Amino acid sequence: MRAQRKQRLWFVVATLTCVAFAVGLSLYAVSKNINLFFSPTQVVQGKAPKHHLFRLGGMVKKGSIHYADKGLEVSFVLTDYKSDVTVHYHGILPDLFREGQGIVTQGKLNNKGLFVASIVLAKHGSKYMPRVVKEILYKHKGSSHAT
Amino acid sequence: MLPELGHFGLILALVLAFISATIPLYGAWRDNPRLLALSRSLSFGQFIFVGFAFLTLVIAFVTNDFTVRYVAENSNRALPLFYRVCAVWGAHEGSLLLWVTVLNAWIAAVALFSRSLPMKTVARVLSVMAMINMGFLSFLLFTSDPFLRLLPFAARVGRDLNPILQDPGLAMHPPTLYMGYVGFSVAFAFAMAALMGGELDARWARWARPWTIAAWCFLTCGITMGSWWSYRQLGWGGWWFWDPVENASFLPWLVGTGLMHSLAVTEKRNTFKAWTVLLALSAFSLSLLGTFLVRSGVLTSVHAFANDPARGGFLIKFIVIVVGVSLFMYALRAPVLTSEGRFELLSRETFLLLNNVLFFVAMITVLMGTLYPLIIQLLGMGKISVGPPYFDSVFVPLMIPVIFLAGLGPHCQWKSDKVVSLFHRVRWVLVLSFALMVLIPLVAVKTFSLVLAVTLFLVSWLVLTMLYDLYAKAKLRGGYRALNAGYYAMVLAHLGLAVCALGIIVSSSYSTEKNVKMHLGDSVNVGQYTFTLKSIVPLKGPNYTGVTANVLVTKAGEFIANLGAQKRNFTRDRYTKTQAAIHVSPFRDLYVSLGNPIGTAWGMRIYNKPLIRFIWAGGFLMLFGGLLSLLDRRYRLISNTQEY
């Protein structure tokens, strides 16, 4: 009986240690890797963090895409029909990146207040608007334009 | 006419499932052999009617019956026949029908291959599965009927299958994944049957084991193929994204892996019983959670088609009932499941227990990262996303002890062992692993980093411990033929883990990736290879147009390959897809994919990925391990009627 109890105790201690370790590690990792989502209006109002990664979503404004002469530099404007934010990106744009398309980018605001994106996401075909983007577009436009 | 018959088939199957879920169970309670005997034929009946319904939908796709709404929305006359068949499971309703069909295939398989089991156990298992079947058949009939007509305004050509799904990978990926997902329902049903009967012994574990391993094999195969598919199809060379939908299939896999190991202890040593049952219940509950995440539309992803809140509501209620009832049964009956086998602190049992704890904890961390954004959103605390860095930083450290223990555990004796003698057994392997850790960077790779050192040590350790264990055990038992298939299966699967880990670490740490802008005739050097853009020519496929960029690859002036990377524009729904061109060799992939046009030039991704094939090779080795263990004579399902 004693051996069995000892064994059970050991089992419980091992499990709890492991779980505590994992939960600690997870919470630490989550706290470092949460990316909050903001709309262009929130960014213009200064609600977005200055030196932390976050996600910015909106519609690519017509005629706002400019490629640099050399390299893969590109800039475009994201809008929620109320405010605009210029996004800089170095890299290859996804297949479904187009004018008038709702997209999500991830990056940081630099010192000049420009948004420098490290990731551009536009993976949901023309039928599927990213839901977060759809919501902010509806909020400011209140029409069926966003679908 | 046929689609109506299919619909009717589903209704009949639901009725049969209801009978199968109640009458034989009553028979088991009342010890009535005539009622018990019904359960097998009822199970075959369910399978036949659901199978028929599935067949009618396939026929509707093959014959382009666009009066059926689901066909009109997901197929097209221009679509090749092969993809028309695959389109059956290309969207929500059909893939749910596939789910149900697969469940019924498992039900029929259990009914067929259970001759050696007591009739009461069989009846209970099949009843539990029929209850699950009822849940999903109602879900299908009430919220996602694939047989709805578009009359009187039938479509003339049909929309198209989501272009990203138009790939041979689609043919196999969802069915195998579902076979795995749903296969855990058998282990679940066995666990519930054991809780109902209050009997759980080594025999029970022996019955439940092959079913669990079979489901695990399918899931391993599905995940590996899914990863390979996304690498080829998504156009930027990623093979795992920690996308919630991928996690949905990975969660049951992690628990299923734990369950397989725990079942081994229950069978051989008659212990860990309550724990094994709990794992069996959680594996299937996680499969259901996965189905909920994918099917309810709470996630936006390539995989998630549905956006109907009614569906999510139905599924979440179903999950709550299943989890609630099974945990209630568990709480009621678990005290009955006393373990008899005793073991000491240092023993094989302890190592397997550590395996279970580690895999369970790994599952919890992945689950946390997957659900966290959903919970935050539900609480109205803002919209967040948890990215791959979270999963990498949490999951990878947990896999270090897993790999180390996977090598050490098999060397340890059952029941009790001495630290000194265990160390004595593995000391040379330990020394050799350290030697390889130092020598490989010095002689072959000529770079050094902590990550590489840890990886090399762990991989050499796992491979060498397995080979040495094989040698030692063969010597002990008198030859390699004396070892059973189950043992070889373990060695193979653990070697698969080593190969997979090596592939993952090396390909993610030592890849060369260049994103460049290229004009015609431009050259780029990636590693020792030179990539030259030779020509850009127009492309025409059956339901798409586009361009092909021909890229010449040379190494020190010598020809290596001509790669044709494509950009395909699907005419029907303005969808663009990148088709990467890959030059494959066992030790490295050269990957070229076409980005966006910039004036007359093109953005291009050019990668050199060393050892990336090892990832999938490792996955398939694990799969072969699982398949091999099914051949073990202890699990011969058909012929061993004599036992007990």
# chains A, B, ... in the order shown; residues from 1 in each chain; ligands from 1
$ residues_around --residues "Lys418 in chain B" --least-positions-apart "3" --cutoff "10 Å" --atoms "only C-alpha atoms" --output "PDB file with N, CA and C atoms, in the first residue's frame"
ATOM      1  N   LEU B 345       9.985   3.208  -9.487  1.00  0.00           N
ATOM      2  CA  LEU B 345      10.256   4.516 -10.073  1.00  0.00           C
ATOM      3  C   LEU B 345      11.029   4.403 -11.384  1.00  0.00           C
ATOM      4  N   LEU B 346      12.081   3.589 -11.393  1.00  0.00           N
ATOM      5  CA  LEU B 346      12.827   3.422 -12.626  1.00  0.00           C
ATOM      6  C   LEU B 346      12.371   2.132 -13.295  1.00  0.00           C
ATOM      7  N   SER B 347      11.519   2.275 -14.302  1.00  0.00           N
ATOM      8  CA  SER B 347      11.007   1.114 -15.010  1.00  0.00           C
ATOM      9  C   SER B 347      10.466   1.573 -16.348  1.00  0.00           C
ATOM     10  N   CYS B 412      15.043   0.221 -21.008  1.00  0.00           N
ATOM     11  CA  CYS B 412      14.744   0.010 -19.597  1.00  0.00           C
ATOM     12  C   CYS B 412      13.868  -1.242 -19.439  1.00  0.00           C
ATOM     13  N   GLN B 413      14.040  -1.944 -18.316  1.00  0.00           N
ATOM     14  CA  GLN B 413      13.258  -3.152 -18.064  1.00  0.00           C
ATOM     15  C   GLN B 413      11.855  -2.778 -17.587  1.00  0.00           C
ATOM     16  N   SER B 421      22.704  -0.155 -14.066  1.00  0.00           N
ATOM     17  CA  SER B 421      22.698  -1.096 -15.191  1.00  0.00           C
ATOM     18  C   SER B 421      22.096  -0.460 -16.442  1.00  0.00           C
ATOM     19  N   LEU B 422      21.155   0.442 -16.255  1.00  0.00           N
ATOM     20  CA  LEU B 422      20.603   1.152 -17.419  1.00  0.00           C
ATOM     21  C   LEU B 422      21.692   2.003 -18.066  1.00  0.00           C
ATOM     22  N   PHE B 423      22.428   2.712 -17.218  1.00  0.00           N
ATOM     23  CA  PHE B 423      23.521   3.543 -17.734  1.00  0.00           C
ATOM     24  C   PHE B 423      24.559   2.678 -18.437  1.00  0.00           C
ATOM     25  N   HIS B 424      24.859   1.542 -17.799  1.00  0.00           N
ATOM     26  CA  HIS B 424      25.827   0.618 -18.351  1.00  0.00           C
ATOM     27  C   HIS B 424      25.430   0.188 -19.769  1.00  0.00           C
TER      28      HIS B 424
END
$ residues_around --residues "range 77-86 of chain A" --least-positions-apart "3" --cutoff "6 Å" --atoms "only C-alpha atoms" --output "MDAnalysis selection string"
chainID A and resid 40:41 58:61 64 137
$ closest_atom_pairs --of "chain B" --to "chain A" --cutoff "8 Å" --atoms "only C-alpha atoms" --output "tab-separated table"
residue	atom	partner	partner_atom	distance
B:Thr300	CA	A:Pro130	CA	7.0
B:Ser301	CA	A:His124	CA	7.4
B:Val302	CA	A:His124	CA	6.9
B:Arg342	CA	A:Gln4	CA	7.6
B:Glu344	CA	A:Gln7	CA	7.5
B:Leu345	CA	A:Gln7	CA	7.2
B:Val357	CA	A:Thr15	CA	6.3
B:Leu358	CA	A:Cys18	CA	7.5
B:Val361	CA	A:Val19	CA	6.1
B:Ala362	CA	A:Ala22	CA	7.9
B:Thr365	CA	A:Ser26	CA	6.3
B:Met368	CA	A:Ser26	CA	8.0
B:Gly369	CA	A:Val30	CA	7.4
B:Gly382	CA	A:Leu36	CA	7.3
B:Lys383	CA	A:Phe37	CA	5.4
B:Ile384	CA	A:Leu36	CA	4.4
B:Ser385	CA	A:Asn35	CA	5.2
B:Val386	CA	A:Ile34	CA	5.2
B:Gly387	CA	A:Asn33	CA	6.3
B:Pro389	CA	A:Asn33	CA	6.6
B:Tyr390	CA	A:Ala29	CA	5.2
B:Ser393	CA	A:Ala29	CA	6.7
B:Val394	CA	A:Ser26	CA	6.0
B:Asn515	CA	A:Gly91	CA	6.4
B:Val516	CA	A:Leu72	CA	6.7
B:Lys517	CA	A:Gly71	CA	5.7
B:Asp573	CA	A:Ser126	CA	7.6
B:Arg574	CA	A:Ser126	CA	7.3
B:Tyr575	CA	A:Gly125	CA	6.3
B:Thr576	CA	A:Asp95	CA	5.7
B:Lys577	CA	A:Asp95	CA	6.4
B:Thr578	CA	A:Asp95	CA	7.1
B:Gly595	CA	A:Ile92	CA	5.7
B:Asn596	CA	A:Leu93	CA	6.2
B:Ile598	CA	A:Tyr67	CA	7.0
B:Gly603	CA	A:Ile92	CA	6.1
B:Met604	CA	A:Ile92	CA	7.3
B:Arg605	CA	A:Ile92	CA	7.8
$ write_last_selection --atoms "C-alpha atoms" --output "mmCIF file, in the first residue's frame"
data_model
loop_
_atom_site.group_PDB
_atom_site.id
_atom_site.type_symbol
_atom_site.label_atom_id
_atom_site.label_comp_id
_atom_site.auth_asym_id
_atom_site.auth_seq_id
_atom_site.Cartn_x
_atom_site.Cartn_y
_atom_site.Cartn_z
ATOM 1 C CA THR B 300 -11.420 31.839 -41.271
ATOM 2 C CA SER B 301 -9.018 29.641 -43.118
ATOM 3 C CA VAL B 302 -8.513 27.825 -46.392
ATOM 4 C CA ARG B 342 3.051 -2.667 -9.747
ATOM 5 C CA GLU B 344 9.015 1.050 -9.417
ATOM 6 C CA LEU B 345 10.256 4.516 -10.073
ATOM 7 C CA VAL B 357 2.537 13.268 -19.700
ATOM 8 C CA LEU B 358 4.716 15.001 -22.294
ATOM 9 C CA VAL B 361 1.118 18.639 -22.043
ATOM 10 C CA ALA B 362 2.149 19.280 -25.654
ATOM 11 C CA THR B 365 -0.077 24.005 -25.135
ATOM 12 C CA MET B 368 -4.191 26.938 -25.594
ATOM 13 C CA GLY B 369 -2.627 28.688 -28.562
ATOM 14 C CA GLY B 382 -10.417 42.539 -28.767
ATOM 15 C CA LYS B 383 -9.204 40.639 -31.753
ATOM 16 C CA ILE B 384 -5.866 38.932 -31.529
ATOM 17 C CA SER B 385 -3.929 36.250 -33.290
ATOM 18 C CA VAL B 386 -1.353 33.873 -31.891
ATOM 19 C CA GLY B 387 1.395 33.280 -34.400
ATOM 20 C CA PRO B 389 6.527 31.908 -32.832
ATOM 21 C CA TYR B 390 4.325 30.960 -29.877
ATOM 22 C CA SER B 393 8.857 28.369 -28.614
ATOM 23 C CA VAL B 394 6.522 26.156 -26.598
ATOM 24 C CA ASN B 515 12.964 36.887 -52.809
ATOM 25 C CA VAL B 516 14.069 38.815 -55.872
ATOM 26 C CA LYS B 517 12.876 40.906 -58.774
ATOM 27 C CA ASP B 573 -13.931 33.178 -60.149
ATOM 28 C CA ARG B 574 -10.942 35.459 -60.811
ATOM 29 C CA TYR B 575 -8.789 33.303 -58.587
ATOM 30 C CA THR B 576 -5.023 33.234 -58.992
ATOM 31 C CA LYS B 577 -2.871 30.355 -57.887
ATOM 32 C CA THR B 578 0.879 29.935 -57.801
ATOM 33 C CA GLY B 595 5.377 36.107 -57.299
ATOM 34 C CA ASN B 596 3.633 39.174 -58.625
ATOM 35 C CA ILE B 598 6.232 44.368 -61.338
ATOM 36 C CA GLY B 603 8.977 38.937 -58.217
ATOM 37 C CA MET B 604 10.332 35.450 -57.618
ATOM 38 C CA ARG B 605 10.957 33.223 -54.650
#
$ residues_around --residues "range 620-629 of chain B" --least-positions-apart "2" --cutoff "10 Å" --atoms "only C-alpha atoms" --output "number ranges by chain"
B: 209-210, 212-221, 224-225, 260, 484-500, 614-618, 631-635
$ write_last_selection --atoms "C-alpha atoms" --output "PDB file, in the first residue's frame"
ATOM      1  CA  ARG B 209      -5.108  -1.455 -29.494  1.00  0.00           C
ATOM      2  CA  PRO B 210      -5.280  -2.384 -33.189  1.00  0.00           C
ATOM      3  CA  THR B 212      -6.318   2.841 -32.098  1.00  0.00           C
ATOM      4  CA  ILE B 213      -3.191   2.084 -34.108  1.00  0.00           C
ATOM      5  CA  ALA B 214      -5.192   1.917 -37.345  1.00  0.00           C
ATOM      6  CA  ALA B 215      -6.783   5.299 -36.663  1.00  0.00           C
ATOM      7  CA  TRP B 216      -3.410   6.729 -35.700  1.00  0.00           C
ATOM      8  CA  CYS B 217      -1.920   5.436 -38.984  1.00  0.00           C
ATOM      9  CA  PHE B 218      -4.566   7.184 -41.043  1.00  0.00           C
ATOM     10  CA  LEU B 219      -4.135  10.393 -39.081  1.00  0.00           C
ATOM     11  CA  THR B 220      -0.340  10.263 -39.452  1.00  0.00           C
ATOM     12  CA  CYS B 221      -0.738   9.667 -43.167  1.00  0.00           C
ATOM     13  CA  THR B 224       1.979  14.092 -43.531  1.00  0.00           C
ATOM     14  CA  MET B 225       0.223  14.360 -46.880  1.00  0.00           C
ATOM     15  CA  MET B 260      -1.047   4.014 -28.183  1.00  0.00           C
ATOM     16  CA  ASN B 484       7.883  -9.797 -33.097  1.00  0.00           C
ATOM     17  CA  ALA B 485       6.400  -7.353 -35.577  1.00  0.00           C
ATOM     18  CA  GLY B 486       5.312  -5.029 -32.778  1.00  0.00           C
ATOM     19  CA  TYR B 487       8.901  -4.562 -31.704  1.00  0.00           C
ATOM     20  CA  TYR B 488      10.105  -3.768 -35.218  1.00  0.00           C
ATOM     21  CA  ALA B 489       7.194  -1.370 -35.520  1.00  0.00           C
ATOM     22  CA  MET B 490       8.408   0.516 -32.447  1.00  0.00           C
ATOM     23  CA  VAL B 491      11.958   0.734 -33.834  1.00  0.00           C
ATOM     24  CA  LEU B 492      10.695   1.941 -37.213  1.00  0.00           C
ATOM     25  CA  ALA B 493       8.367   4.577 -35.748  1.00  0.00           C
ATOM     26  CA  HIS B 494      11.058   5.915 -33.401  1.00  0.00           C
ATOM     27  CA  LEU B 495      13.527   6.091 -36.288  1.00  0.00           C
ATOM     28  CA  GLY B 496      10.814   8.004 -38.169  1.00  0.00           C
ATOM     29  CA  LEU B 497      10.671  10.494 -35.328  1.00  0.00           C
ATOM     30  CA  ALA B 498      14.452  10.983 -35.561  1.00  0.00           C
ATOM     31  CA  VAL B 499      14.358  11.466 -39.343  1.00  0.00           C
ATOM     32  CA  CYS B 500      11.427  13.875 -39.096  1.00  0.00           C
ATOM     33  CA  PHE B 614      13.215  14.072 -44.358  1.00  0.00           C
ATOM     34  CA  ILE B 615      10.161  15.626 -42.730  1.00  0.00           C
ATOM     35  CA  TRP B 616       7.720  13.595 -44.811  1.00  0.00           C
ATOM     36  CA  ALA B 617      10.024  10.578 -44.995  1.00  0.00           C
ATOM     37  CA  GLY B 618       9.975  10.558 -41.187  1.00  0.00           C
ATOM     38  CA  LEU B 631       0.537  -7.280 -38.588  1.00  0.00           C
ATOM     39  CA  ASP B 632       1.589  -8.458 -35.148  1.00  0.00           C
ATOM     40  CA  ARG B 633       0.011 -11.838 -34.553  1.00  0.00           C
ATOM     41  CA  ARG B 634      -1.378 -10.806 -31.188  1.00  0.00           C
ATOM     42  CA  TYR B 635      -3.885  -8.606 -33.007  1.00  0.00           C
TER      43      TYR B 635
END
$ atom_distance --atom1 "CA of Ile582 in chain B" --atom2 "CA of Pro388 in chain B"
24.7 Å
$ residues_around --residues "Leu439 in chain B" --least-positions-apart "3" --cutoff "12 Å" --atoms "only C-alpha atoms" --output "list in words"
Leu432, Ser433, Phe434, Ala435, Leu436, Leu442, Val443, Ala444, Val445, Lys446, Thr447, Phe448, Leu452, Ala453, Leu456, Phe457 and Ser460 of chain B
$ write_last_selection --atoms "N, CA and C atoms" --output "PDB file, in the first residue's frame"
ATOM      1  N   LEU B 432      29.060   7.844 -28.202  1.00  0.00           N
ATOM      2  CA  LEU B 432      29.060   7.956 -29.657  1.00  0.00           C
ATOM      3  C   LEU B 432      28.202   9.145 -30.130  1.00  0.00           C
ATOM      4  N   SER B 433      27.071   9.341 -29.469  1.00  0.00           N
ATOM      5  CA  SER B 433      26.208  10.465 -29.844  1.00  0.00           C
ATOM      6  C   SER B 433      26.917  11.795 -29.618  1.00  0.00           C
ATOM      7  N   PHE B 434      27.635  11.894 -28.480  1.00  0.00           N
ATOM      8  CA  PHE B 434      28.399  13.117 -28.224  1.00  0.00           C
ATOM      9  C   PHE B 434      29.479  13.299 -29.286  1.00  0.00           C
ATOM     10  N   ALA B 435      30.128  12.181 -29.650  1.00  0.00           N
ATOM     11  CA  ALA B 435      31.182  12.247 -30.660  1.00  0.00           C
ATOM     12  C   ALA B 435      30.616  12.750 -31.988  1.00  0.00           C
ATOM     13  N   LEU B 436      29.452  12.218 -32.385  1.00  0.00           N
ATOM     14  CA  LEU B 436      28.844  12.646 -33.648  1.00  0.00           C
ATOM     15  C   LEU B 436      28.442  14.113 -33.590  1.00  0.00           C
ATOM     16  N   LEU B 442      32.290  19.578 -37.424  1.00  0.00           N
ATOM     17  CA  LEU B 442      33.699  19.820 -37.733  1.00  0.00           C
ATOM     18  C   LEU B 442      34.046  19.334 -39.131  1.00  0.00           C
ATOM     19  N   VAL B 443      33.602  18.115 -39.478  1.00  0.00           N
ATOM     20  CA  VAL B 443      34.050  17.494 -40.714  1.00  0.00           C
ATOM     21  C   VAL B 443      33.146  17.846 -41.894  1.00  0.00           C
ATOM     22  N   ALA B 444      31.831  17.704 -41.688  1.00  0.00           N
ATOM     23  CA  ALA B 444      30.932  17.779 -42.835  1.00  0.00           C
ATOM     24  C   ALA B 444      30.312  19.155 -43.036  1.00  0.00           C
ATOM     25  N   VAL B 445      29.676  19.691 -42.013  1.00  0.00           N
ATOM     26  CA  VAL B 445      28.849  20.880 -42.216  1.00  0.00           C
ATOM     27  C   VAL B 445      29.647  22.172 -42.103  1.00  0.00           C
ATOM     28  N   LYS B 446      30.656  22.170 -41.269  1.00  0.00           N
ATOM     29  CA  LYS B 446      31.542  23.329 -41.085  1.00  0.00           C
ATOM     30  C   LYS B 446      30.841  24.571 -40.522  1.00  0.00           C
ATOM     31  N   THR B 447      29.722  24.357 -39.857  1.00  0.00           N
ATOM     32  CA  THR B 447      29.126  25.466 -39.115  1.00  0.00           C
ATOM     33  C   THR B 447      28.784  24.911 -37.742  1.00  0.00           C
ATOM     34  N   PHE B 448      28.582  25.801 -36.811  1.00  0.00           N
ATOM     35  CA  PHE B 448      28.246  25.309 -35.491  1.00  0.00           C
ATOM     36  C   PHE B 448      27.218  26.229 -34.833  1.00  0.00           C
ATOM     37  N   LEU B 452      21.979  23.254 -33.760  1.00  0.00           N
ATOM     38  CA  LEU B 452      22.514  22.132 -34.532  1.00  0.00           C
ATOM     39  C   LEU B 452      23.079  21.069 -33.592  1.00  0.00           C
ATOM     40  N   ALA B 453      23.812  21.512 -32.557  1.00  0.00           N
ATOM     41  CA  ALA B 453      24.426  20.567 -31.621  1.00  0.00           C
ATOM     42  C   ALA B 453      23.358  19.724 -30.932  1.00  0.00           C
ATOM     43  N   LEU B 456      21.756  17.342 -33.487  1.00  0.00           N
ATOM     44  CA  LEU B 456      22.611  16.224 -33.864  1.00  0.00           C
ATOM     45  C   LEU B 456      22.729  15.218 -32.741  1.00  0.00           C
ATOM     46  N   PHE B 457      22.869  15.732 -31.514  1.00  0.00           N
ATOM     47  CA  PHE B 457      22.974  14.816 -30.389  1.00  0.00           C
ATOM     48  C   PHE B 457      21.700  13.977 -30.261  1.00  0.00           C
ATOM     49  N   SER B 460      21.230  11.511 -33.294  1.00  0.00           N
ATOM     50  CA  SER B 460      22.162  10.377 -33.223  1.00  0.00           C
ATOM     51  C   SER B 460      21.784   9.469 -32.063  1.00  0.00           C
TER      52      SER B 460
END
$ atom_distance --atom1 "CA of Asp417 in chain B" --atom2 "CA of Tyr468 in chain B"
18.4 Å
